[in-house]
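So this block is query_25.pdb, PDB, C-alpha atoms:
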ATOM      1  CA  MET X1139     -43.769  52.939 -36.785  1.00  0.00           C
ATOM      2  CA  ILE X1140     -46.250  55.365 -38.325  1.00  0.00           C
ATOM      3  CA  ARG X1141     -48.513  52.402 -39.088  1.00  0.00           C
ATOM      4  CA  THR X1142     -48.493  51.349 -35.435  1.00  0.00           C
ATOM      5  CA  ILE X1143     -49.407  54.868 -34.371  1.00  0.00           C
ATOM      6  CA  LEU X1144     -52.309  54.878 -36.853  1.00  0.00           C
ATOM      7  CA  ALA X1145     -53.523  51.398 -35.881  1.00  0.00           C
ATOM      8  CA  VAL X1146     -53.414  51.689 -32.086  1.00  0.00           C
ATOM      9  CA  PRO X1147     -56.461  54.020 -31.769  1.00  0.00           C
ATOM     10  CA  PHE X1148     -58.556  51.517 -33.727  1.00  0.00           C
ATOM     11  CA  LEU X1149     -57.352  48.643 -31.521  1.00  0.00           C
ATOM     12  CA  LEU X1150     -58.176  50.673 -28.393  1.00  0.00           C
ATOM     13  CA  LEU X1151     -61.626  51.446 -29.807  1.00  0.00           C
ATOM     14  CA  ALA X1152     -62.128  47.720 -30.460  1.00  0.00           C
ATOM     15  CA  VAL X1153     -61.085  46.764 -26.921  1.00  0.00           C
ATOM     16  CA  PHE X1154     -63.399  49.429 -25.504  1.00  0.00           C
ATOM     17  CA  THR X1155     -66.266  48.172 -27.692  1.00  0.00           C
ATOM     18  CA  PHE X1156     -65.798  44.547 -26.659  1.00  0.00           C
ATOM     19  CA  PHE X1157     -65.573  45.603 -22.995  1.00  0.00           C
ATOM     20  CA  SER X1158     -68.807  47.592 -23.320  1.00  0.00           C
ATOM     21  CA  GLU X1159     -70.432  44.633 -25.047  1.00  0.00           C
ATOM     22  CA  VAL X1160     -69.719  42.342 -22.082  1.00  0.00           C
ATOM     23  CA  LEU X1161     -70.755  45.060 -19.637  1.00  0.00           C
ATOM     24  CA  GLY X1162     -74.034  45.610 -21.478  1.00  0.00           C
ATOM     25  CA  PHE X1163     -74.558  41.881 -21.614  1.00  0.00           C
ATOM     26  CA  TYR X1164     -74.579  41.764 -17.803  1.00  0.00           C
ATOM     27  CA  LYS X1165     -76.392  45.066 -17.331  1.00  0.00           C
ATOM     28  CA  PHE X1166     -79.460  44.347 -19.454  1.00  0.00           C
ATOM     29  CA  LYS X1167     -81.887  41.922 -17.893  1.00  0.00           C
ATOM     30  CA  TYR X1168     -83.571  39.979 -20.677  1.00  0.00           C
ATOM     31  CA  VAL X1169     -82.460  37.900 -23.697  1.00  0.00           C
ATOM     32  CA  MET X1170     -83.883  40.257 -26.263  1.00  0.00           C
ATOM     33  CA  ASN X1171     -82.174  43.285 -24.697  1.00  0.00           C
ATOM     34  CA  ARG X1172     -78.885  41.487 -24.280  1.00  0.00           C
ATOM     35  CA  MET X1173     -78.756  40.740 -27.986  1.00  0.00           C
ATOM     36  CA  HIS X1174     -78.506  44.475 -28.673  1.00  0.00           C
ATOM     37  CA  ALA X1175     -75.318  44.587 -26.624  1.00  0.00           C
ATOM     38  CA  ALA X1176     -73.970  41.580 -28.547  1.00  0.00           C
ATOM     39  CA  ALA X1177     -74.502  43.478 -31.812  1.00  0.00           C
ATOM     40  CA  LEU X1178     -71.848  45.999 -30.739  1.00  0.00           C
ATOM     41  CA  GLY X1179     -68.975  43.549 -31.049  1.00  0.00           C
ATOM     42  CA  ASP X1180     -70.343  42.115 -34.288  1.00  0.00           C
ATOM     43  CA  THR X1181     -70.212  45.473 -36.017  1.00  0.00           C
ATOM     44  CA  MET X1182     -67.899  48.085 -34.547  1.00  0.00           C
ATOM     45  CA  GLY X1183     -65.679  45.659 -32.578  1.00  0.00           C
ATOM     46  CA  ILE X1184     -64.861  43.429 -35.538  1.00  0.00           C
ATOM     47  CA  GLY X1185     -64.813  46.432 -37.871  1.00  0.00           C
ATOM     48  CA  SER X1186     -62.196  48.374 -35.938  1.00  0.00           C
ATOM     49  CA  VAL X1187     -60.019  45.272 -35.379  1.00  0.00           C
ATOM     50  CA  LEU X1188     -60.038  44.643 -39.124  1.00  0.00           C
ATOM     51  CA  ILE X1189     -59.230  48.296 -39.909  1.00  0.00           C
ATOM     52  CA  ALA X1190     -56.315  48.151 -37.466  1.00  0.00           C
ATOM     53  CA  VAL X1191     -55.000  44.896 -38.969  1.00  0.00           C
ATOM     54  CA  ALA X1192     -55.407  46.316 -42.478  1.00  0.00           C
ATOM     55  CA  ILE X1193     -53.321  49.362 -41.513  1.00  0.00           C
ATOM     56  CA  LEU X1194     -50.671  47.139 -39.904  1.00  0.00           C
ATOM     57  CA  THR X1195     -50.252  44.810 -42.921  1.00  0.00           C
ATOM     58  CA  GLY X1196     -50.637  47.453 -45.610  1.00  0.00           C
ATOM     59  CA  GLU X1197     -50.634  44.958 -48.500  1.00  0.00           C
ATOM     60  CA  LEU X1198     -53.373  44.648 -51.083  1.00  0.00           C
ATOM     61  CA  VAL X1199     -54.286  40.949 -50.971  1.00  0.00           C
ATOM     62  CA  PRO X1200     -54.562  40.618 -47.155  1.00  0.00           C
ATOM     63  CA  ILE X1201     -56.681  43.780 -47.098  1.00  0.00           C
ATOM     64  CA  LEU X1202     -59.034  42.325 -49.725  1.00  0.00           C
ATOM     65  CA  LYS X1203     -59.305  39.161 -47.620  1.00  0.00           C
ATOM     66  CA  LEU X1204     -60.088  41.243 -44.526  1.00  0.00           C
ATOM     67  CA  ILE X1205     -62.839  43.030 -46.448  1.00  0.00           C
ATOM     68  CA  LEU X1206     -64.240  39.613 -47.359  1.00  0.00           C
ATOM     69  CA  VAL X1207     -64.180  38.616 -43.667  1.00  0.00           C
ATOM     70  CA  LEU X1208     -66.218  41.726 -42.876  1.00  0.00           C
ATOM     71  CA  VAL X1209     -68.661  41.037 -45.731  1.00  0.00           C
ATOM     72  CA  PHE X1210     -69.269  37.466 -44.541  1.00  0.00           C
ATOM     73  CA  MET X1211     -69.667  38.643 -40.925  1.00  0.00           C
ATOM     74  CA  PHE X1212     -72.255  41.197 -42.056  1.00  0.00           C
ATOM     75  CA  LEU X1213     -74.096  38.598 -44.142  1.00  0.00           C
ATOM     76  CA  THR X1214     -74.294  35.879 -41.476  1.00  0.00           C
ATOM     77  CA  GLY X1215     -74.659  37.943 -38.276  1.00  0.00           C
ATOM     78  CA  PRO X1216     -78.237  39.179 -38.844  1.00  0.00           C
ATOM     79  CA  VAL X1217     -79.467  35.670 -39.700  1.00  0.00           C
ATOM     80  CA  VAL X1218     -78.476  34.313 -36.276  1.00  0.00           C
ATOM     81  CA  THR X1219     -79.884  37.346 -34.427  1.00  0.00           C
ATOM     82  CA  HIS X1220     -83.133  36.985 -36.351  1.00  0.00           C
ATOM     83  CA  LEU X1221     -83.413  33.250 -35.538  1.00  0.00           C
ATOM     84  CA  ILE X1222     -82.773  33.716 -31.807  1.00  0.00           C
ATOM     85  CA  ALA X1223     -85.272  36.588 -31.624  1.00  0.00           C
ATOM     86  CA  GLY X1224     -87.895  34.629 -33.562  1.00  0.00           C
ATOM     87  CA  ALA X1225     -87.472  31.583 -31.313  1.00  0.00           C
ATOM     88  CA  GLU X1226     -87.774  33.734 -28.172  1.00  0.00           C
ATOM     89  CA  VAL X1227     -90.960  35.481 -29.332  1.00  0.00           C
ATOM     90  CA  GLU X1228     -92.550  32.195 -30.481  1.00  0.00           C
ATOM     91  CA  THR X1229     -91.731  30.072 -27.429  1.00  0.00           C
ATOM     92  CA  HIS X1230     -91.723  32.462 -24.440  1.00  0.00           C
ATOM     93  CA  LYS X1231     -95.352  32.698 -23.308  1.00  0.00           C
ATOM     94  CA  ASN X1232     -94.908  35.820 -21.183  1.00  0.00           C
ATOM     95  CA  ALA X1233     -92.524  37.563 -23.546  1.00  0.00           C
ATOM     96  CA  GLY X1234     -95.079  40.370 -23.785  1.00  0.00           C
ATOM     97  CA  HIS X1235     -94.259  41.491 -20.228  1.00  0.00           C
ATOM     98  CA  GLU X1236     -90.656  42.154 -21.146  1.00  0.00           C
ATOM     99  CA  TYR X1237     -91.318  44.843 -23.757  1.00  0.00           C
ATOM    100  CA  LYS X1238     -93.945  47.343 -24.799  1.00  0.00           C
ATOM    101  CA  GLU X1239     -95.754  46.458 -28.002  1.00  0.00           C
ATOM    102  CA  VAL X1240     -96.509  49.250 -30.481  1.00  0.00           C
ATOM    103  CA  ASP X1241     -98.725  48.626 -33.511  1.00  0.00           C
ATOM    104  CA  ARG X1242     -98.405  51.092 -36.396  1.00  0.00           C
ATOM    105  CA  ARG X1243     -99.687  48.869 -39.213  1.00  0.00           C
TER     106      ARG X1243
ATOM    107  CA  MET B1133     -70.945  36.634 -61.929  1.00  0.00           C
ATOM    108  CA  PHE B1134     -68.040  35.003 -63.788  1.00  0.00           C
ATOM    109  CA  VAL B1135     -65.882  38.072 -63.206  1.00  0.00           C
ATOM    110  CA  ILE B1136     -66.820  38.271 -59.513  1.00  0.00           C
ATOM    111  CA  LEU B1137     -66.004  34.582 -58.974  1.00  0.00           C
ATOM    112  CA  LEU B1138     -62.691  34.956 -60.826  1.00  0.00           C
ATOM    113  CA  VAL B1139     -61.684  37.965 -58.709  1.00  0.00           C
ATOM    114  CA  LEU B1140     -62.741  36.066 -55.555  1.00  0.00           C
ATOM    115  CA  TRP B1141     -60.602  33.101 -56.625  1.00  0.00           C
ATOM    116  CA  LEU B1142     -57.584  35.323 -57.268  1.00  0.00           C
ATOM    117  CA  VAL B1143     -58.005  37.044 -53.892  1.00  0.00           C
ATOM    118  CA  PHE B1144     -58.128  33.680 -52.116  1.00  0.00           C
ATOM    119  CA  ALA B1145     -55.164  32.382 -54.137  1.00  0.00           C
ATOM    120  CA  GLY B1146     -53.209  35.449 -53.118  1.00  0.00           C
ATOM    121  CA  SER B1147     -51.074  35.966 -56.243  1.00  0.00           C
ATOM    122  CA  LEU B1148     -51.623  36.586 -59.945  1.00  0.00           C
ATOM    123  CA  THR B1149     -49.781  33.714 -61.664  1.00  0.00           C
ATOM    124  CA  VAL B1150     -50.630  31.877 -64.883  1.00  0.00           C
ATOM    125  CA  THR B1151     -51.559  28.690 -62.983  1.00  0.00           C
ATOM    126  CA  ASN B1152     -53.927  30.577 -60.672  1.00  0.00           C
ATOM    127  CA  LEU B1153     -55.480  32.406 -63.595  1.00  0.00           C
ATOM    128  CA  ILE B1154     -56.101  29.232 -65.651  1.00  0.00           C
ATOM    129  CA  LEU B1155     -57.544  27.347 -62.656  1.00  0.00           C
ATOM    130  CA  GLY B1156     -59.641  30.366 -61.734  1.00  0.00           C
ATOM    131  CA  VAL B1157     -61.107  30.714 -65.214  1.00  0.00           C
ATOM    132  CA  LEU B1158     -61.936  26.968 -65.217  1.00  0.00           C
ATOM    133  CA  VAL B1159     -63.582  26.963 -61.780  1.00  0.00           C
ATOM    134  CA  ALA B1160     -65.449  30.260 -62.233  1.00  0.00           C
ATOM    135  CA  GLY B1161     -66.647  29.145 -65.666  1.00  0.00           C
ATOM    136  CA  LEU B1162     -67.831  25.793 -64.324  1.00  0.00           C
ATOM    137  CA  ILE B1163     -69.745  27.372 -61.418  1.00  0.00           C
ATOM    138  CA  THR B1164     -71.346  29.972 -63.692  1.00  0.00           C
ATOM    139  CA  LEU B1165     -72.354  27.207 -66.116  1.00  0.00           C
ATOM    140  CA  LEU B1166     -73.863  25.027 -63.363  1.00  0.00           C
ATOM    141  CA  CYS B1167     -75.732  27.997 -61.865  1.00  0.00           C
ATOM    142  CA  THR B1168     -77.150  28.925 -65.281  1.00  0.00           C
ATOM    143  CA  LYS B1169     -78.259  25.373 -65.942  1.00  0.00           C
ATOM    144  CA  PHE B1170     -79.676  24.295 -62.576  1.00  0.00           C
ATOM    145  CA  MET B1171     -80.288  27.369 -60.393  1.00  0.00           C
ATOM    146  CA  GLY B1172     -82.030  29.765 -62.768  1.00  0.00           C
ATOM    147  CA  TYR B1173     -79.176  32.249 -62.951  1.00  0.00           C
ATOM    148  CA  SER B1174     -79.109  34.407 -66.057  1.00  0.00           C
ATOM    149  CA  THR B1175     -76.180  36.466 -67.306  1.00  0.00           C
ATOM    150  CA  LYS B1176     -78.486  38.920 -69.061  1.00  0.00           C
ATOM    151  CA  ARG B1177     -80.436  39.651 -65.871  1.00  0.00           C
ATOM    152  CA  PHE B1178     -77.180  40.055 -63.918  1.00  0.00           C
ATOM    153  CA  TYR B1179     -75.847  42.692 -66.319  1.00  0.00           C
ATOM    154  CA  GLY B1180     -79.291  44.327 -66.406  1.00  0.00           C
ATOM    155  CA  GLY B1181     -79.049  44.647 -62.607  1.00  0.00           C
ATOM    156  CA  LEU B1182     -75.688  46.421 -62.887  1.00  0.00           C
ATOM    157  CA  LYS B1183     -77.405  49.759 -63.533  1.00  0.00           C
ATOM    158  CA  LYS B1184     -78.669  49.606 -59.944  1.00  0.00           C
ATOM    159  CA  ALA B1185     -75.046  49.521 -58.721  1.00  0.00           C
ATOM    160  CA  PRO B1186     -74.692  53.264 -57.856  1.00  0.00           C
ATOM    161  CA  ALA B1187     -77.905  53.211 -55.797  1.00  0.00           C
ATOM    162  CA  ILE B1188     -76.760  50.042 -53.996  1.00  0.00           C
ATOM    163  CA  ALA B1189     -73.347  51.597 -53.275  1.00  0.00           C
ATOM    164  CA  ALA B1190     -75.101  54.664 -51.822  1.00  0.00           C
ATOM    165  CA  TYR B1191     -77.227  52.304 -49.707  1.00  0.00           C
ATOM    166  CA  LEU B1192     -74.153  50.498 -48.348  1.00  0.00           C
ATOM    167  CA  ALA B1193     -72.462  53.807 -47.488  1.00  0.00           C
ATOM    168  CA  GLU B1194     -75.609  54.838 -45.608  1.00  0.00           C
ATOM    169  CA  LEU B1195     -75.583  51.451 -43.821  1.00  0.00           C
ATOM    170  CA  LEU B1196     -71.999  51.942 -42.592  1.00  0.00           C
ATOM    171  CA  LYS B1197     -72.835  55.467 -41.403  1.00  0.00           C
ATOM    172  CA  GLU B1198     -75.913  54.215 -39.506  1.00  0.00           C
ATOM    173  CA  ILE B1199     -73.944  51.348 -37.916  1.00  0.00           C
ATOM    174  CA  VAL B1200     -71.330  53.719 -36.487  1.00  0.00           C
ATOM    175  CA  LYS B1201     -73.964  56.204 -35.295  1.00  0.00           C
ATOM    176  CA  GLU B1202     -76.175  53.587 -33.617  1.00  0.00           C
ATOM    177  CA  ASN B1203     -73.135  51.946 -32.006  1.00  0.00           C
ATOM    178  CA  PHE B1204     -72.489  55.112 -30.033  1.00  0.00           C
ATOM    179  CA  ASP B1205     -76.198  55.382 -29.182  1.00  0.00           C
ATOM    180  CA  VAL B1206     -76.178  51.858 -27.696  1.00  0.00           C
ATOM    181  CA  LEU B1207     -72.946  52.650 -25.823  1.00  0.00           C
ATOM    182  CA  ARG B1208     -74.771  55.597 -24.247  1.00  0.00           C
ATOM    183  CA  PHE B1209     -77.524  53.259 -23.031  1.00  0.00           C
ATOM    184  CA  ILE B1210     -74.969  50.821 -21.598  1.00  0.00           C
ATOM    185  CA  TYR B1211     -73.211  53.500 -19.511  1.00  0.00           C
ATOM    186  CA  ARG B1212     -76.407  55.268 -18.432  1.00  0.00           C
ATOM    187  CA  LYS B1213     -78.048  54.461 -15.098  1.00  0.00           C
ATOM    188  CA  GLY B1214     -81.224  52.347 -15.121  1.00  0.00           C
ATOM    189  CA  GLN B1215     -82.717  49.901 -17.592  1.00  0.00           C
ATOM    190  CA  PRO B1216     -83.872  50.900 -21.085  1.00  0.00           C
ATOM    191  CA  LYS B1217     -87.523  50.577 -22.153  1.00  0.00           C
ATOM    192  CA  PRO B1218     -87.571  47.851 -24.832  1.00  0.00           C
ATOM    193  CA  THR B1219     -90.248  48.061 -27.506  1.00  0.00           C
ATOM    194  CA  LEU B1220     -91.570  45.697 -30.161  1.00  0.00           C
ATOM    195  CA  VAL B1221     -92.961  47.751 -33.014  1.00  0.00           C
ATOM    196  CA  HIS B1222     -95.079  46.467 -35.920  1.00  0.00           C
ATOM    197  CA  PHE B1223     -95.165  48.547 -39.083  1.00  0.00           C
ATOM    198  CA  ARG B1224     -95.435  48.383 -42.857  1.00  0.00           C
ATOM    199  CA  GLY B1225     -92.345  49.084 -44.938  1.00  0.00           C
ATOM    200  CA  GLU B1226     -92.814  50.757 -48.303  1.00  0.00           C
ATOM    201  CA  VAL B1227     -90.583  48.405 -50.318  1.00  0.00           C
ATOM    202  CA  GLN B1228     -92.019  46.227 -53.089  1.00  0.00           C
ATOM    203  CA  SER B1229     -89.515  43.516 -54.039  1.00  0.00           C
ATOM    204  CA  ASP B1230     -88.668  40.605 -51.721  1.00  0.00           C
ATOM    205  CA  PRO B1231     -84.830  40.763 -51.997  1.00  0.00           C
ATOM    206  CA  LEU B1232     -84.872  44.454 -51.048  1.00  0.00           C
ATOM    207  CA  ARG B1233     -87.223  43.757 -48.120  1.00  0.00           C
ATOM    208  CA  VAL B1234     -84.753  41.175 -46.832  1.00  0.00           C
ATOM    209  CA  LEU B1235     -81.886  43.607 -47.402  1.00  0.00           C
ATOM    210  CA  VAL B1236     -83.652  46.286 -45.341  1.00  0.00           C
ATOM    211  CA  ALA B1237     -84.556  43.754 -42.613  1.00  0.00           C
ATOM    212  CA  ASN B1238     -80.923  42.622 -42.412  1.00  0.00           C
ATOM    213  CA  SER B1239     -79.725  46.223 -42.320  1.00  0.00           C
ATOM    214  CA  ILE B1240     -82.079  46.934 -39.415  1.00  0.00           C
ATOM    215  CA  THR B1241     -80.719  43.851 -37.636  1.00  0.00           C
ATOM    216  CA  LEU B1242     -77.123  44.835 -38.351  1.00  0.00           C
ATOM    217  CA  THR B1243     -77.451  48.286 -36.786  1.00  0.00           C
ATOM    218  CA  PRO B1244     -77.198  47.901 -32.998  1.00  0.00           C
ATOM    219  CA  GLY B1245     -80.274  49.003 -31.058  1.00  0.00           C
ATOM    220  CA  THR B1246     -82.809  47.458 -33.413  1.00  0.00           C
ATOM    221  CA  TYR B1247     -83.366  44.034 -34.936  1.00  0.00           C
ATOM    222  CA  THR B1248     -86.062  42.433 -37.044  1.00  0.00           C
ATOM    223  CA  VAL B1249     -88.032  39.706 -35.275  1.00  0.00           C
ATOM    224  CA  ARG B1250     -90.443  38.909 -38.079  1.00  0.00           C
ATOM    225  CA  LEU B1251     -90.967  39.872 -41.707  1.00  0.00           C
ATOM    226  CA  GLU B1252     -94.110  38.757 -43.506  1.00  0.00           C
ATOM    227  CA  GLY B1253     -95.001  40.439 -46.785  1.00  0.00           C
ATOM    228  CA  ASP B1254     -94.378  44.114 -46.084  1.00  0.00           C
ATOM    229  CA  GLU B1255     -95.096  43.816 -42.345  1.00  0.00           C
ATOM    230  CA  TYR B1256     -92.025  44.167 -40.170  1.00  0.00           C
ATOM    231  CA  ALA B1257     -91.821  43.391 -36.451  1.00  0.00           C
ATOM    232  CA  VAL B1258     -88.785  45.188 -35.042  1.00  0.00           C
ATOM    233  CA  HIS B1259     -87.462  44.978 -31.482  1.00  0.00           C
ATOM    234  CA  ALA B1260     -85.837  48.183 -30.246  1.00  0.00           C
ATOM    235  CA  LEU B1261     -83.606  48.432 -27.180  1.00  0.00           C
ATOM    236  CA  ASP B1262     -85.339  51.659 -26.184  1.00  0.00           C
ATOM    237  CA  GLU B1263     -88.274  53.721 -27.437  1.00  0.00           C
ATOM    238  CA  TYR B1264     -85.654  56.142 -28.747  1.00  0.00           C
ATOM    239  CA  PHE B1265     -84.576  53.692 -31.491  1.00  0.00           C
ATOM    240  CA  GLN B1266     -88.026  53.004 -32.948  1.00  0.00           C
ATOM    241  CA  VAL B1267     -89.149  56.585 -33.534  1.00  0.00           C
ATOM    242  CA  ASP B1268     -89.945  57.007 -37.255  1.00  0.00           C
ATOM    243  CA  ILE B1269     -88.253  53.732 -38.136  1.00  0.00           C
ATOM    244  CA  GLU B1270     -90.580  53.219 -41.111  1.00  0.00           C
ATOM    245  CA  TYR B1271     -89.356  56.527 -42.577  1.00  0.00           C
ATOM    246  CA  SER B1272     -85.695  55.805 -41.859  1.00  0.00           C
ATOM    247  CA  ALA B1273     -82.945  56.245 -44.437  1.00  0.00           C
ATOM    248  CA  PHE B1274     -82.954  52.502 -45.215  1.00  0.00           C
ATOM    249  CA  PHE B1275     -86.437  52.586 -46.693  1.00  0.00           C
ATOM    250  CA  LYS B1276     -85.756  55.775 -48.663  1.00  0.00           C
ATOM    251  CA  MET B1277     -82.529  54.366 -50.107  1.00  0.00           C
ATOM    252  CA  ALA B1278     -84.207  51.025 -50.903  1.00  0.00           C
ATOM    253  CA  GLN B1279     -86.922  52.879 -52.810  1.00  0.00           C
ATOM    254  CA  LYS B1280     -84.202  54.659 -54.784  1.00  0.00           C
ATOM    255  CA  VAL B1281     -82.626  51.277 -55.620  1.00  0.00           C
ATOM    256  CA  GLU B1282     -86.033  50.082 -56.807  1.00  0.00           C
ATOM    257  CA  GLU B1283     -86.611  53.127 -59.009  1.00  0.00           C
ATOM    258  CA  SER B1284     -83.155  53.075 -60.626  1.00  0.00           C
TER     259      SER B1284
END
Write-out of the structure in structure tokens:
Amino acid sequence: MIRTILAVPFLLLAVFTFFSEVLGFYKFKYVMNRMHAAALGDTMGIGSVLIAVAILTGELVPILKLILVLVFMFLTGPVVTHLIAGAEVETHKNAGHEYKEVDRR
Amino acid sequence: MFVILLVLWLVFAGSLTVTNLILGVLVAGLITLLCTKFMGYSTKRFYGGLKKAPAIAAYLAELLKEIVKENFDVLRFIYRKGQPKPTLVHFRGEVQSDPLRVLVANSITLTPGTYTVRLEGDEYAVHALDEYFQVDIEYSAFFKMAQKVEES
């Protein structure tokens, strides 16, 4: 019972995060902006779901496995984001109109 | 690396029995041996790198803190009226070694609100959801912590 009470806030936070992610996905107008909204679910959404599940199970081995899930999510997520962004900048001829470019080199 | 692989095996196996332990030692030993022979892995270098562990742990703690903070910043932009002003910023990051540069680039990508588009040498190209996210990004905590990892 006490575990459920502890886990529910994290689940609610996760649901709210995923909802905001979808909302942001429709609100922002361009691929490169929409990807920022997608990052929400990849980090805080998944993170709070895993924390909630870890509290609910409360055993050592499943918790270690959940930590591994998070580690692999954090290792693979940026690679995909980076590839999509790189492809968009390389192939979209008028990409420069969609954002302001600042050079501080 | 042998110890890490063995622990990983035991976590996946789910219980600490003699069979699991023997199989784990065999598999972890075999992988370590193959990596040493064909992929240039060296046990000495691995244990030499262990003294960087505290600095790396501090870096990861900072990363988690930043992720939570930036999540709420992006949420603010989602529920605010009007579109954000996206920015692509080019800058030089003061980190010397390639693995750490990649680590910083991935950390920037992992925190919502900013992601790395390109990384060549020490030149980063970072896309920010709004001008707010790119202010002083080259002096952000990631670069400071990465420099500490390098010095340790």
To box stretch 1249-1265 of chain B, take all atoms listed in the file, fit an axis-aligned box, add 5 Å on each side, and give centre and edge lengths in Å to one decimal, as AutoDock Vina command-line options.
--center_x -89.4 --center_y 47.4 --center_z -36.5 --size_x 21.5 --size_y 27.4 --size_z 30.6
Which one of B:Val1221, B:Val1267, B:Leu1142, B:Cys1167 sits closest to chain X if you count all atoms listed in the file?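 Closest to chain X of all the choices is B:Val1221.
Compared by their closest atoms to X:Ala1233, and using all atoms listed in the file, the residues B:Glu1283, B:Thr1219, B:Asp1262, B:Lys1176 rank with B:Thr1219 nearest.
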Expressed in Å to a single decimal, how great is the separation between atom CA of B:Ile1188 and atom CA of B:Val1135?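 Interatomic distance, atom CA of B:Ile1188 to atom CA of B:Val1135: 18.6 Å.
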Residues of chain B within 10 Å of chain X, counting only C-alpha atoms - could you list those as JSON, numbers by chain? {"B": [1140, 1142, 1143, 1144, 1145, 1146, 1147, 1196, 1199, 1200, 1202, 1203, 1204, 1206, 1207, 1209, 1210, 1211, 1213, 1214, 1215, 1216, 1217, 1218, 1219, 1220, 1221, 1222, 1223, 1224, 1225, 1235, 1237, 1238, 1239, 1240, 1241, 1242, 1243, 1244, 1245, 1246, 1247, 1248, 1249, 1250, 1251, 1254, 1255, 1256, 1257, 1258, 1259, 1260, 1261, 1262, 1263, 1266, 1270]}
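Atom CA of B:Thr1151 to atom CA of B:Leu1166 spans 22.6 Å [interatomic distance, one decimal].
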Exactly which residues make up the result of the PyMOL selection byres ((chain X and resi 1189) around 9) on this file, given as a list of chain:residue names?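 Output from the PyMOL selection byres ((chain X and resi 1189) around 9), applied to this file: X:Ala1145, X:Phe1148, X:Leu1149, X:Ile1184, X:Gly1185, X:Ser1186, X:Val1187, X:Leu1188, X:Ala1190, X:Val1191, X:Ala1192, X:Ile1193, X:Leu1194, X:Ile1201, X:Leu1204.
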Pick out the residues sitting within 9 Å of B:Gln1279, and hand them over as a VMD selection string; count only C-alpha atoms, and ignore anything fewer than 5 positions along from it in its own chain. chain B and resid 1226 to 1228 1232 1274 1284
Please save C-alpha atoms of the selected residues as a PDB file, keeping the file's coordinate frame.
ATOM      1  CA  GLU B1226     -92.814  50.757 -48.303  1.00  0.00           C
ATOM      2  CA  VAL B1227     -90.583  48.405 -50.318  1.00  0.00           C
ATOM      3  CA  GLN B1228     -92.019  46.227 -53.089  1.00  0.00           C
ATOM      4  CA  LEU B1232     -84.872  44.454 -51.048  1.00  0.00           C
ATOM      5  CA  PHE B1274     -82.954  52.502 -45.215  1.00  0.00           C
ATOM      6  CA  SER B1284     -83.155  53.075 -60.626  1.00  0.00           C
TER       7      SER B1284
END
Counting all atoms listed in the file, the residue of B:Asp1205, B:Tyr1191, B:Pro1186, B:Val1157 that sits nearest B:Ala1278: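 Among the listed residues, the smallest separation from B:Ala1278 belongs to B:Tyr1191.
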How far is it from atom CA of B:Phe1275 to atom CA of B:Arg1233, in Å with one decimal? 9.0 Å
Residue contacts of B:Ala1189 (12 Å, all atoms listed in the file) excluding same-chain residues fewer than 5 positions away, as a VMD selection string: chain B and resid 1182 to 1184 1194 to 1196 1277 to 1278 1280 to 1281
Export, as a tab-separated table (two decimals), keeping the file's coordinate frame, the selected residues with C-alpha atoms.
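After the write, out-v7.tsv holds the following:
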chain	number	residue	atom	x	y	z
B	1182	LEU	CA	-75.69	46.42	-62.89
B	1183	LYS	CA	-77.40	49.76	-63.53
B	1184	LYS	CA	-78.67	49.61	-59.94
B	1194	GLU	CA	-75.61	54.84	-45.61
B	1195	LEU	CA	-75.58	51.45	-43.82
B	1196	LEU	CA	-72.00	51.94	-42.59
B	1277	MET	CA	-82.53	54.37	-50.11
B	1278	ALA	CA	-84.21	51.02	-50.90
B	1280	LYS	CA	-84.20	54.66	-54.78
B	1281	VAL	CA	-82.63	51.28	-55.62
